[in-house]
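*Asks:* Below is the file final_16.cif, with mmCIF, C-alpha atoms and all ligand atoms.
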```
data_coords
#
loop_
_atom_site.group_PDB
_atom_site.id
_atom_site.type_symbol
_atom_site.label_atom_id
_atom_site.label_comp_id
_atom_site.auth_asym_id
_atom_site.auth_seq_id
_atom_site.Cartn_x
_atom_site.Cartn_y
_atom_site.Cartn_z
ATOM 1 C CA ALA A 1 3.370 -15.032 14.916
ATOM 2 C CA SER A 2 2.629 -16.385 11.464
ATOM 3 C CA ALA A 3 2.451 -13.993 8.570
ATOM 4 C CA GLU A 4 -1.319 -13.972 8.502
ATOM 5 C CA SER A 5 -2.008 -13.903 12.240
ATOM 6 C CA GLY A 6 -3.258 -10.337 12.361
ATOM 7 C CA ALA A 7 -0.456 -9.235 14.691
ATOM 8 C CA PRO A 8 0.571 -5.565 14.501
ATOM 9 C CA THR A 9 2.948 -4.684 11.659
ATOM 10 C CA ILE A 10 5.552 -2.036 10.948
ATOM 11 C CA PHE A 11 2.810 -0.019 9.253
ATOM 12 C CA ASP A 12 1.153 0.625 12.639
ATOM 13 C CA LYS A 13 4.337 2.421 13.701
ATOM 14 C CA ILE A 14 4.376 4.378 10.455
ATOM 15 C CA ILE A 15 0.740 5.419 10.994
ATOM 16 C CA ALA A 16 1.555 6.440 14.585
ATOM 17 C CA LYS A 17 4.652 8.288 13.265
ATOM 18 C CA GLU A 18 6.784 6.320 15.694
ATOM 19 C CA ILE A 19 9.031 5.549 12.770
ATOM 20 C CA PRO A 20 9.545 8.094 10.018
ATOM 21 C CA SER A 21 8.224 7.809 6.499
ATOM 22 C CA SER A 22 8.003 10.106 3.515
ATOM 23 C CA ILE A 23 4.292 10.895 3.395
ATOM 24 C CA VAL A 24 2.814 11.750 0.012
ATOM 25 C CA TYR A 25 -0.865 11.983 0.973
ATOM 26 C CA GLU A 26 -2.872 11.660 4.171
ATOM 27 C CA ASP A 27 -6.494 12.054 5.178
ATOM 28 C CA GLU A 28 -8.653 10.746 8.015
ATOM 29 C CA LYS A 29 -8.754 7.188 6.721
ATOM 30 C CA VAL A 30 -5.818 6.726 4.366
ATOM 31 C CA LEU A 31 -2.050 7.187 4.512
ATOM 32 C CA ALA A 32 0.264 7.137 1.478
ATOM 33 C CA PHE A 33 4.040 7.055 1.912
ATOM 34 C CA ARG A 34 7.100 6.189 -0.165
ATOM 35 C CA ASP A 35 8.231 2.570 -0.209
ATOM 36 C CA ILE A 36 11.588 2.140 1.549
ATOM 37 C CA ASN A 37 12.772 -0.182 -1.254
ATOM 38 C CA PRO A 38 11.389 1.452 -4.411
ATOM 39 C CA GLN A 39 10.875 -0.678 -7.517
ATOM 40 C CA ALA A 40 10.266 2.337 -9.780
ATOM 41 C CA PRO A 41 11.063 6.086 -9.708
ATOM 42 C CA VAL A 42 7.653 6.524 -8.057
ATOM 43 C CA HIS A 43 6.727 3.772 -5.577
ATOM 44 C CA VAL A 44 4.162 4.757 -2.975
ATOM 45 C CA LEU A 45 2.217 2.543 -0.566
ATOM 46 C CA VAL A 46 -1.421 3.406 0.171
ATOM 47 C CA ILE A 47 -2.813 1.926 3.377
ATOM 48 C CA PRO A 48 -5.905 2.164 5.567
ATOM 49 C CA LYS A 49 -5.152 3.853 8.907
ATOM 50 C CA PHE A 50 -7.511 1.398 10.598
ATOM 51 C CA ARG A 51 -6.700 -2.111 9.427
ATOM 52 C CA ASP A 52 -10.010 -3.507 10.732
ATOM 53 C CA GLY A 53 -9.223 -7.080 9.749
ATOM 54 C CA LEU A 54 -7.797 -6.143 6.358
ATOM 55 C CA THR A 55 -4.526 -7.970 6.747
ATOM 56 C CA GLN A 56 -4.806 -8.784 3.042
ATOM 57 C CA LEU A 57 -7.294 -8.322 0.229
ATOM 58 C CA GLY A 58 -8.261 -11.984 0.489
ATOM 59 C CA ARG A 59 -9.730 -11.262 3.923
ATOM 60 C CA ALA A 60 -11.989 -8.469 2.687
ATOM 61 C CA GLU A 61 -15.637 -8.526 3.688
ATOM 62 C CA GLU A 62 -18.607 -6.547 2.448
ATOM 63 C CA ARG A 63 -18.179 -3.949 5.219
ATOM 64 C CA HIS A 64 -14.760 -3.086 3.793
ATOM 65 C CA GLY A 65 -16.219 -1.857 0.518
ATOM 66 C CA GLU A 66 -16.065 1.821 1.433
ATOM 67 C CA ILE A 67 -12.427 1.818 2.558
ATOM 68 C CA LEU A 68 -11.421 -0.280 -0.447
ATOM 69 C CA GLY A 69 -12.893 2.378 -2.712
ATOM 70 C CA GLN A 70 -11.193 5.143 -0.727
ATOM 71 C CA LEU A 71 -7.822 3.393 -1.082
ATOM 72 C CA LEU A 72 -8.217 3.114 -4.837
ATOM 73 C CA TYR A 73 -9.249 6.751 -5.122
ATOM 74 C CA ALA A 74 -6.258 7.742 -2.955
ATOM 75 C CA ALA A 75 -4.032 5.858 -5.424
ATOM 76 C CA LYS A 76 -5.311 8.191 -8.154
ATOM 77 C CA ILE A 77 -4.626 11.244 -5.987
ATOM 78 C CA VAL A 78 -1.078 9.962 -5.405
ATOM 79 C CA ALA A 79 -0.547 9.411 -9.135
ATOM 80 C CA GLU A 80 -1.751 12.950 -9.800
ATOM 81 C CA LYS A 81 0.491 14.457 -7.114
ATOM 82 C CA GLU A 82 3.483 12.492 -8.390
ATOM 83 C CA GLY A 83 2.905 13.529 -12.006
ATOM 84 C CA ILE A 84 2.365 10.004 -13.337
ATOM 85 C CA LEU A 85 -1.332 10.181 -14.076
ATOM 86 C CA ASP A 86 -0.802 9.245 -17.720
ATOM 87 C CA GLY A 87 0.920 5.948 -16.832
ATOM 88 C CA PHE A 88 1.001 4.140 -13.535
ATOM 89 C CA ARG A 89 0.322 0.739 -12.023
ATOM 90 C CA VAL A 90 -1.552 -0.243 -8.859
ATOM 91 C CA VAL A 91 -0.613 -3.603 -7.319
ATOM 92 C CA ILE A 92 -1.876 -5.594 -4.350
ATOM 93 C CA ASN A 93 0.194 -8.622 -3.379
ATOM 94 C CA ASN A 94 -2.063 -11.120 -1.603
ATOM 95 C CA GLY A 95 -0.442 -13.921 0.359
ATOM 96 C CA PRO A 96 2.908 -15.692 0.312
ATOM 97 C CA SER A 97 2.790 -16.869 -3.303
ATOM 98 C CA ALA A 98 2.232 -13.270 -4.392
ATOM 99 C CA CYS A 99 5.163 -12.074 -2.223
ATOM 100 C CA GLN A 100 3.068 -10.242 0.369
ATOM 101 C CA SER A 101 5.428 -9.412 3.240
ATOM 102 C CA VAL A 102 3.455 -6.966 5.406
ATOM 103 C CA TYR A 103 0.036 -8.129 6.643
ATOM 104 C CA HIS A 104 -1.704 -4.759 6.641
ATOM 105 C CA LEU A 105 -3.484 -4.237 3.332
ATOM 106 C CA HIS A 106 -1.555 -1.915 1.028
ATOM 107 C CA LEU A 107 -1.724 -0.770 -2.571
ATOM 108 C CA HIS A 108 1.545 -0.228 -4.393
ATOM 109 C CA VAL A 109 1.407 2.779 -6.754
ATOM 110 C CA LEU A 110 4.239 2.471 -9.256
ATOM 111 C CA GLY A 111 5.306 4.704 -12.117
ATOM 112 C CA GLY A 112 7.898 6.950 -13.647
ATOM 113 C CA ARG A 113 9.288 4.275 -15.949
ATOM 114 C CA GLN A 114 8.022 1.920 -18.652
ATOM 115 C CA MET A 115 6.260 -1.028 -17.000
ATOM 116 C CA LYS A 116 6.387 -4.578 -18.336
ATOM 117 C CA TRP A 117 3.476 -6.950 -18.769
ATOM 118 C CA PRO A 118 3.075 -9.656 -17.576
ATOM 119 C CA PRO A 119 4.800 -8.603 -14.333
ATOM 120 C CA GLY A 120 6.156 -12.063 -13.456
HETATM 121 P P1 LIG B 1 4.411 -6.436 0.086
HETATM 122 O O1 LIG B 1 5.603 -7.268 -0.280
HETATM 123 O O2 LIG B 1 3.827 -6.884 1.393
HETATM 124 O O3 LIG B 1 3.387 -6.301 -0.993
HETATM 125 O O4 LIG B 1 4.962 -4.959 0.261
HETATM 126 C C1 LIG B 1 5.468 -4.469 1.469
HETATM 127 C C2 LIG B 1 6.265 -3.259 1.107
HETATM 128 O O5 LIG B 1 6.544 -2.528 2.290
HETATM 129 C C3 LIG B 1 7.617 -3.577 0.461
HETATM 130 O O6 LIG B 1 7.670 -3.021 -0.850
HETATM 131 C C4 LIG B 1 8.634 -2.946 1.416
HETATM 132 O O7 LIG B 1 9.713 -2.359 0.742
HETATM 133 C C5 LIG B 1 7.799 -1.926 2.167
HETATM 134 N N1 LIG B 1 8.270 -1.666 3.512
HETATM 135 C C6 LIG B 1 8.554 -2.589 4.465
HETATM 136 N N2 LIG B 1 8.938 -1.983 5.593
HETATM 137 C C7 LIG B 1 8.877 -0.643 5.353
HETATM 138 C C8 LIG B 1 9.166 0.489 6.163
HETATM 139 O O8 LIG B 1 9.535 0.407 7.334
HETATM 140 N N3 LIG B 1 8.981 1.711 5.596
HETATM 141 C C9 LIG B 1 8.561 1.855 4.298
HETATM 142 N N4 LIG B 1 8.431 3.119 3.834
HETATM 143 N N5 LIG B 1 8.286 0.805 3.515
HETATM 144 C C10 LIG B 1 8.449 -0.443 4.035
#
```
Mind turning this structure into structure tokens?

*Replies:*
Amino acid sequence: ASAESGAPTIFDKIIAKEIPSSIVYEDEKVLAFRDINPQAPVHVLVIPKFRDGLTQLGRAEERHGEILGQLLYAAKIVAEKEGILDGFRVVINNGPSACQSVYHLHLHVLGGRQMKWPPG
């Protein structure tokens, strides 16, 4: 399957708890867990539990507005829980040229060190 085919991803198994993850925050619609290959002292992924076509942000439709807002708010909750509320970054990689590797929408919440800008 091509990267953008909409096939199931490893995140489905994380949501189903078929493979373990270090969960930071969870509610009915959102799951936040530590990235397996952290790029900062805090590196948490925030994902919708129901992908509903959101393989990537570039596929978002108007009906996704509510979950998109919930994901962003969950990123704030994660930053608060992780003690990085005064300095953190939220990233969405969209598509191959942005280095997206998992085609289930996810926000990266990064912090705990000085960030650089531009990110490169
Ligand atoms: P992307 O490159 O698509 O924006 O980010 C995908 C992220 O998922 C990467 O940072 C990668 O380290 C993380 N990742 C991939 N597989 C797993 C996994 O099985 N468990 C966890 N916790 N993170 C994963």

*Asks:* I would like the residues chosen by the PyMOL selection byres (((chain A and resi 59-66) around 12) and not hetatm) on the shown file; could you give them as a PyMOL selection string?

*Replies:* chain A and resi 4-6+29-30+48+50-58+67-73+94-95+103-105

*Asks:* Write the residues of the selection above to a file with C-alpha atoms, as a compact mmCIF listing (two decimals), in the frame of the given file.

*Replies:*
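Writing done, so here's part37.txt:
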```txt
# COMPACT_ATOMS: atom_id res chain seq x y z
CA GLU A 4 -1.32 -13.97 8.50
CA SER A 5 -2.01 -13.90 12.24
CA GLY A 6 -3.26 -10.34 12.36
CA LYS A 29 -8.75 7.19 6.72
CA VAL A 30 -5.82 6.73 4.37
CA PRO A 48 -5.90 2.16 5.57
CA PHE A 50 -7.51 1.40 10.60
CA ARG A 51 -6.70 -2.11 9.43
CA ASP A 52 -10.01 -3.51 10.73
CA GLY A 53 -9.22 -7.08 9.75
CA LEU A 54 -7.80 -6.14 6.36
CA THR A 55 -4.53 -7.97 6.75
CA GLN A 56 -4.81 -8.78 3.04
CA LEU A 57 -7.29 -8.32 0.23
CA GLY A 58 -8.26 -11.98 0.49
CA ILE A 67 -12.43 1.82 2.56
CA LEU A 68 -11.42 -0.28 -0.45
CA GLY A 69 -12.89 2.38 -2.71
CA GLN A 70 -11.19 5.14 -0.73
CA LEU A 71 -7.82 3.39 -1.08
CA LEU A 72 -8.22 3.11 -4.84
CA TYR A 73 -9.25 6.75 -5.12
CA ASN A 94 -2.06 -11.12 -1.60
CA GLY A 95 -0.44 -13.92 0.36
CA TYR A 103 0.04 -8.13 6.64
CA HIS A 104 -1.70 -4.76 6.64
CA LEU A 105 -3.48 -4.24 3.33
```

*Asks:* Between atom CA of A:Lys76 and atom CA of A:Glu26, what is the distance, to one decimal in Å?

*Replies:*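 Between these atoms lies a distance of 13.0 Å.
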
*Asks:* Work out how far atom CA of A:Lys49 is from atom CA of A:Ile36, in Å to one decimal.

*Replies:*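 Atom-to-atom, atom CA of A:Ile36 and atom CA of A:Lys49 are spaced 18.4 Å apart.
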
*Asks:* With a distance cut-off of 6 Å and only C-alpha atoms, select the neighbouring residues of stretch 77-89 of chain A, excluding the residue or stretch itself and same-chain residues fewer than 4 positions from it, and output the selection as a PDB file with C-alpha atoms, keeping the file's coordinate frame.

*Replies:*
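Once everything was written out, this is part.pdb:
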```pdb
ATOM      1  CA  VAL A 109       1.407   2.779  -6.754  1.00  0.00           C
ATOM      2  CA  LEU A 110       4.239   2.471  -9.256  1.00  0.00           C
ATOM      3  CA  GLY A 111       5.306   4.704 -12.117  1.00  0.00           C
TER       4      GLY A 111
END
```

*Asks:* How many Å separate atom CA of A:Trp117 from atom C7 of ligand LIG 1 (chain B)?

*Replies:*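 Separating atom CA of A:Trp117 from atom C7 of ligand LIG 1 (chain B) is a distance of 25.5 Å.
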
*Asks:* Going by the chain IDs and residue numbers used in this file, which residues fall under the PyMOL selection byres (((not hetatm)) within 6 of (chain B and resi 1))? Write them as a ChimeraX atom specification.

*Replies:* /A:10,21,34-37,93,99-102

*Asks:* Just to be explicit: take each residue in the selection above, keep C-alpha atoms, and write the result as an mmCIF file, in the coordinates of the input.

*Replies:*
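Output file part.cif is given in full below:
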```
data_model
loop_
_atom_site.group_PDB
_atom_site.id
_atom_site.type_symbol
_atom_site.label_atom_id
_atom_site.label_comp_id
_atom_site.auth_asym_id
_atom_site.auth_seq_id
_atom_site.Cartn_x
_atom_site.Cartn_y
_atom_site.Cartn_z
ATOM 1 C CA ILE A 10 5.552 -2.036 10.948
ATOM 2 C CA SER A 21 8.224 7.809 6.499
ATOM 3 C CA ARG A 34 7.100 6.189 -0.165
ATOM 4 C CA ASP A 35 8.231 2.570 -0.209
ATOM 5 C CA ILE A 36 11.588 2.140 1.549
ATOM 6 C CA ASN A 37 12.772 -0.182 -1.254
ATOM 7 C CA ASN A 93 0.194 -8.622 -3.379
ATOM 8 C CA CYS A 99 5.163 -12.074 -2.223
ATOM 9 C CA GLN A 100 3.068 -10.242 0.369
ATOM 10 C CA SER A 101 5.428 -9.412 3.240
ATOM 11 C CA VAL A 102 3.455 -6.966 5.406
#
```

*Asks:* For stretch 42-52 of chain A, take all atoms listed in the file, fit an axis-aligned box around them, add 5 Å to each of the six sides, then output centre and edge lengths in Å rounded to one decimal, as AutoDock Vina command-line options.

*Replies:*
```
--center_x -1.2 --center_y 1.5 --center_z 1.3 --size_x 27.7 --size_y 20.0 --size_z 28.8
```

*Asks:* Could stretch 58-74 of chain A be completed with N, CA and C atoms and returned as a short mmCIF file (atom, residue, chain, number, x, y, z; two decimals), keeping the file's coordinate frame?

*Replies:*
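Output below, filename result-v5.cif:
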```
data_model
loop_
_atom_site.label_atom_id
_atom_site.label_comp_id
_atom_site.auth_asym_id
_atom_site.auth_seq_id
_atom_site.Cartn_x
_atom_site.Cartn_y
_atom_site.Cartn_z
N GLY A 58 -7.52 -10.73 0.41
CA GLY A 58 -8.26 -11.98 0.49
C GLY A 58 -9.08 -12.16 1.76
N ARG A 59 -8.92 -11.24 2.70
CA ARG A 59 -9.73 -11.26 3.92
C ARG A 59 -10.84 -10.21 3.89
N ALA A 60 -10.99 -9.55 2.76
CA ALA A 60 -11.99 -8.47 2.69
C ALA A 60 -13.39 -9.01 2.86
N GLU A 61 -14.22 -8.22 3.51
CA GLU A 61 -15.64 -8.53 3.69
C GLU A 61 -16.45 -7.35 3.15
N GLU A 62 -17.76 -7.57 3.05
CA GLU A 62 -18.61 -6.55 2.45
C GLU A 62 -18.47 -5.19 3.15
N ARG A 63 -18.29 -5.21 4.47
CA ARG A 63 -18.18 -3.95 5.22
C ARG A 63 -16.94 -3.15 4.84
N HIS A 64 -15.98 -3.78 4.20
CA HIS A 64 -14.76 -3.09 3.79
C HIS A 64 -14.90 -2.34 2.46
N GLY A 65 -16.05 -2.45 1.84
CA GLY A 65 -16.22 -1.86 0.52
C GLY A 65 -15.88 -0.38 0.46
N GLU A 66 -16.30 0.37 1.46
CA GLU A 66 -16.07 1.82 1.43
C GLU A 66 -14.57 2.14 1.51
N ILE A 67 -13.86 1.52 2.44
CA ILE A 67 -12.43 1.82 2.56
C ILE A 67 -11.67 1.31 1.33
N LEU A 68 -12.10 0.20 0.77
CA LEU A 68 -11.42 -0.28 -0.45
C LEU A 68 -11.55 0.75 -1.57
N GLY A 69 -12.71 1.33 -1.70
CA GLY A 69 -12.89 2.38 -2.71
C GLY A 69 -12.06 3.61 -2.40
N GLN A 70 -11.98 3.98 -1.12
CA GLN A 70 -11.19 5.14 -0.73
C GLN A 70 -9.70 4.92 -1.02
N LEU A 71 -9.23 3.69 -0.80
CA LEU A 71 -7.82 3.39 -1.08
C LEU A 71 -7.53 3.54 -2.57
N LEU A 72 -8.44 3.04 -3.39
CA LEU A 72 -8.22 3.11 -4.84
C LEU A 72 -8.27 4.56 -5.31
N TYR A 73 -9.18 5.33 -4.76
CA TYR A 73 -9.25 6.75 -5.12
C TYR A 73 -7.99 7.49 -4.65
N ALA A 74 -7.50 7.12 -3.45
CA ALA A 74 -6.26 7.74 -2.96
C ALA A 74 -5.09 7.41 -3.88
#
```
